[in-house]
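So the structure is just underneath, and the comments pick up after that.
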Amino acid sequence: MRLSCQQEDLHRGLSAVARAIPARSTLPITQHVLVDAADGHITLSATDAETIAITYTIPASIREPGSITLPSRLLSDFVATLPHEEIEMTLAERSRQVSLSCARNEASVGGMDPDDFPPIPPVGDAIAIKVEPDRLRRALSQVVFAAANDDSRPVLTGVHFAIDGKQLRLAAADGFRLAVHTMELRATVAAKSVIIPARSLRELTQLLPEVSDPVTISFNTANTQVQFDLGHAKLTAQLVQGTFPNYQQLIPSAYKTSTEVAVSEFGRATRIAQIFARDGSGIVRLIATPGQGGVPGRLLVTARAEEVGNNEGELDALIEGEEAHIAFNGRYLRDVLDIIDTDRVAVETSSASSPGVLRPVGDDRYVHVIMPMFVQW
């Protein structure tokens, strides 16, 4: 194998596939990246051999095709420190030692037999949909953070993708909150319901800014794998097996109080309250008071820590209904306020013991539900 490529291209590709490298593994070759050179490009591949695989293609001048696996961390760190010039890579026949040179820097890196690299099975296109990368990235940013990190309920560690005709609905929940984003598809697609690991989708969001053409999402016929094809990169993930909870019944259909406030002001007040909530079980209290006699309503955002101090932040609000008291985990509240991209948000409540619902004003594609915390008022 003999080839040359630009340092920037190789660095970008190695950084992308490294996201599939497991932190710990009993299979040493999964700490390697597969380098496959042919037909005027290099295809870099990495996998944890269980849940995720990423391939990334970069342009190159291939004088002799070939393939080898190389230790991902060593190769990535070395390439990252090189100047932005051409890198020469040479692998002698029947050898596992790769020579790399760039400018006045040289290195020799030992690899492993590419035949031992875990195979990345093709997904096919039994069912495929196309989604614009900006829309997909926005949808993922609004739901992935709500997925559970605890493996005690595996189905909650993923994001539920439900396809129904020309509509795709994404949902994530961890038992304390629920995030749902709905988007329209370009074409009608057969109904399908799958759970995609949140970890895989987090890695996907890092790749999406690089593309402008629609992303092709394909599922295999066995309903065990999904592939996101970005053109120069592909991410393949094993689907989570199981039944996702019927979350539609968790979204309250009515409310007694609707409190509309500016997202930026609400977010700032919540961040300040969190400082005090750290020593008070993370509890942030909301008190919504309707206006009277031409005086605008107000939302009071408060937090207190016993024997330490307390905080109150007051916001102007448009309030429909009766006065309301409710308490949330401050981190959960801040998480959703950080991803809402409209100017204003409506908080719908029924009682201090009922779930609260946040809806971006002017955007009916997103809804977020947070379970309340029980406090003494």
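Ligands are numbered from 1 in the order shown, residues from 1 within each chain, and chains are lettered A, B, ... in the order they appear in the structure tokens.
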
Who sits within 6 Å of range 330-334 of chain A, only C-alpha atoms, same chain under 3 positions skipped, as an mmCIF file with C-alpha atoms, in the first residue's frame:
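This is the output file part_35.cif:
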data_model
loop_
_atom_site.group_PDB
_atom_site.id
_atom_site.type_symbol
_atom_site.label_atom_id
_atom_site.label_comp_id
_atom_site.auth_asym_id
_atom_site.auth_seq_id
_atom_site.Cartn_x
_atom_site.Cartn_y
_atom_site.Cartn_z
ATOM 1 C CA GLN A 274 -29.778 26.413 40.234
ATOM 2 C CA GLY A 282 -31.944 20.633 42.948
ATOM 3 C CA ILE A 283 -35.480 21.959 43.482
ATOM 4 C CA VAL A 284 -36.601 25.060 41.579
ATOM 5 C CA LEU A 337 -34.834 25.772 27.978
#

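If you look at CA of Ser351 in chain A and CA of Arg271 in chain A, they are 23.8 Å away from each other.
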
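For Arg104 in chain A, the list of residues within 12 Å, based on only C-alpha atoms and with local chain neighbours fewer than 6 positions off taken out, reads Leu82, Pro83, Glu85, Glu86, Ile87 and Glu88 of chain A.
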
Select from range 142-354 of chain A everything DSSP, run on the backbone, classes as strand (DSSP E or B), then give the selection as JSON, numbers by chain. {"A": [158, 159, 160, 161, 162, 163, 164, 165, 166, 167, 168, 169, 170, 171, 172, 173, 177, 178, 179, 180, 181, 182, 183, 184, 185, 186, 187, 188, 189, 190, 191, 192, 193, 194, 195, 196, 197, 215, 216, 217, 218, 219, 225, 226, 227, 228, 229, 233, 234, 235, 236, 237, 238, 257, 258, 259, 260, 261, 262, 283, 284, 285, 286, 287, 288, 289, 297, 298, 299, 300, 301, 302, 303, 304, 305, 309, 310, 311, 312, 313, 314, 315, 316, 317, 318, 319, 320, 321, 324, 325, 326, 327, 328, 329, 344, 345, 346, 347, 348, 349]}

Would you give me, as JSON, numbers by chain, the residues in range 111-328 of chain A that DSSP reads as helix (DSSP H, G or I)? {"A": [114, 115, 116, 133, 134, 135, 136, 137, 138, 139, 140, 141, 142, 143, 144, 145, 146, 154, 155, 156, 157, 198, 199, 200, 201, 202, 203, 204, 205, 206, 207, 208, 209, 210, 247, 248, 249, 250, 263, 264, 265, 266, 267, 268, 269, 270, 271, 272, 273, 274, 275, 276, 277]}

Close residues, range 289-293 of chain A itself excluded, 6 Å, only C-alpha atoms, min 4 positions apart in chain, as a PyMOL selection string: chain A and resi 297-298+319+323

Would you save the residues from that selection as a compact mmCIF listing (two decimals), in the first residue's frame, using C-alpha atoms?
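After the write, selection_29.txt holds the following:
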# COMPACT_ATOMS: atom_id res chain seq x y z
CA GLY A 297 -48.91 38.57 35.28
CA ARG A 298 -45.69 37.39 36.85
CA ILE A 319 -50.91 33.93 32.28
CA GLU A 323 -52.57 30.93 40.09

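Ranking A:Arg19, A:Arg2, A:Arg73, A:Lys130 by their shortest atom-to-atom distance to Leu91 in chain A, with only C-alpha atoms included, puts A:Arg2 first.
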
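Residues within 7 Å of Thr157 in chain A, counting only C-alpha atoms and excluding same-chain residues fewer than 5 positions away, are A:Ala147, A:Ala148, A:Asn149, A:Asp151, A:Pro197, A:Ala198.
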
Those residues with C-alpha atoms, as an mmCIF file, in the first residue's frame please?
data_model
loop_
_atom_site.group_PDB
_atom_site.id
_atom_site.type_symbol
_atom_site.label_atom_id
_atom_site.label_comp_id
_atom_site.auth_asym_id
_atom_site.auth_seq_id
_atom_site.Cartn_x
_atom_site.Cartn_y
_atom_site.Cartn_z
ATOM 1 C CA ALA A 147 -32.888 9.595 27.088
ATOM 2 C CA ALA A 148 -31.903 7.594 30.170
ATOM 3 C CA ASN A 149 -28.268 6.901 31.031
ATOM 4 C CA ASP A 151 -29.189 0.595 31.659
ATOM 5 C CA PRO A 197 -29.431 4.022 20.898
ATOM 6 C CA ALA A 198 -29.031 7.603 22.121
#

Spatial neighbours of Ile68 in chain A, max dist 12 Å, only C-alpha atoms, sep filter under 5 positions, as a PyMOL selection string: chain A and resi 1-2+29+32-37+42-45+89-99+109-117

Nearby residues (only C-alpha atoms) at most 8 Å from Ser353 in chain A, same-chain spacing under 6 positions excluded, as a VMD selection string: chain A and resid 326 372 to 374

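CA of Asp39 in chain A is found 24.6 Å from CA of Ser108 in chain A.
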
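Taking CA of Asp229 in chain A and CA of Phe244 in chain A as endpoints, the distance between them is 25.1 Å.
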
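Nearest residue to Glu106 in chain A, choosing from A:Leu239, A:Arg278, A:Ile127, A:Thr81 and counting only C-alpha atoms: A:Thr81.
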
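Among the candidates A:Ala162, A:Ala317, A:Val131, A:Ala327, the one nearest to Arg186 in chain A when counting only C-alpha atoms is A:Val131.
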
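Using only C-alpha atoms, the smallest distance between any of A:Glu184, A:Glu306, A:Glu50, A:Glu203 and Pro121 in chain A comes from A:Glu50.
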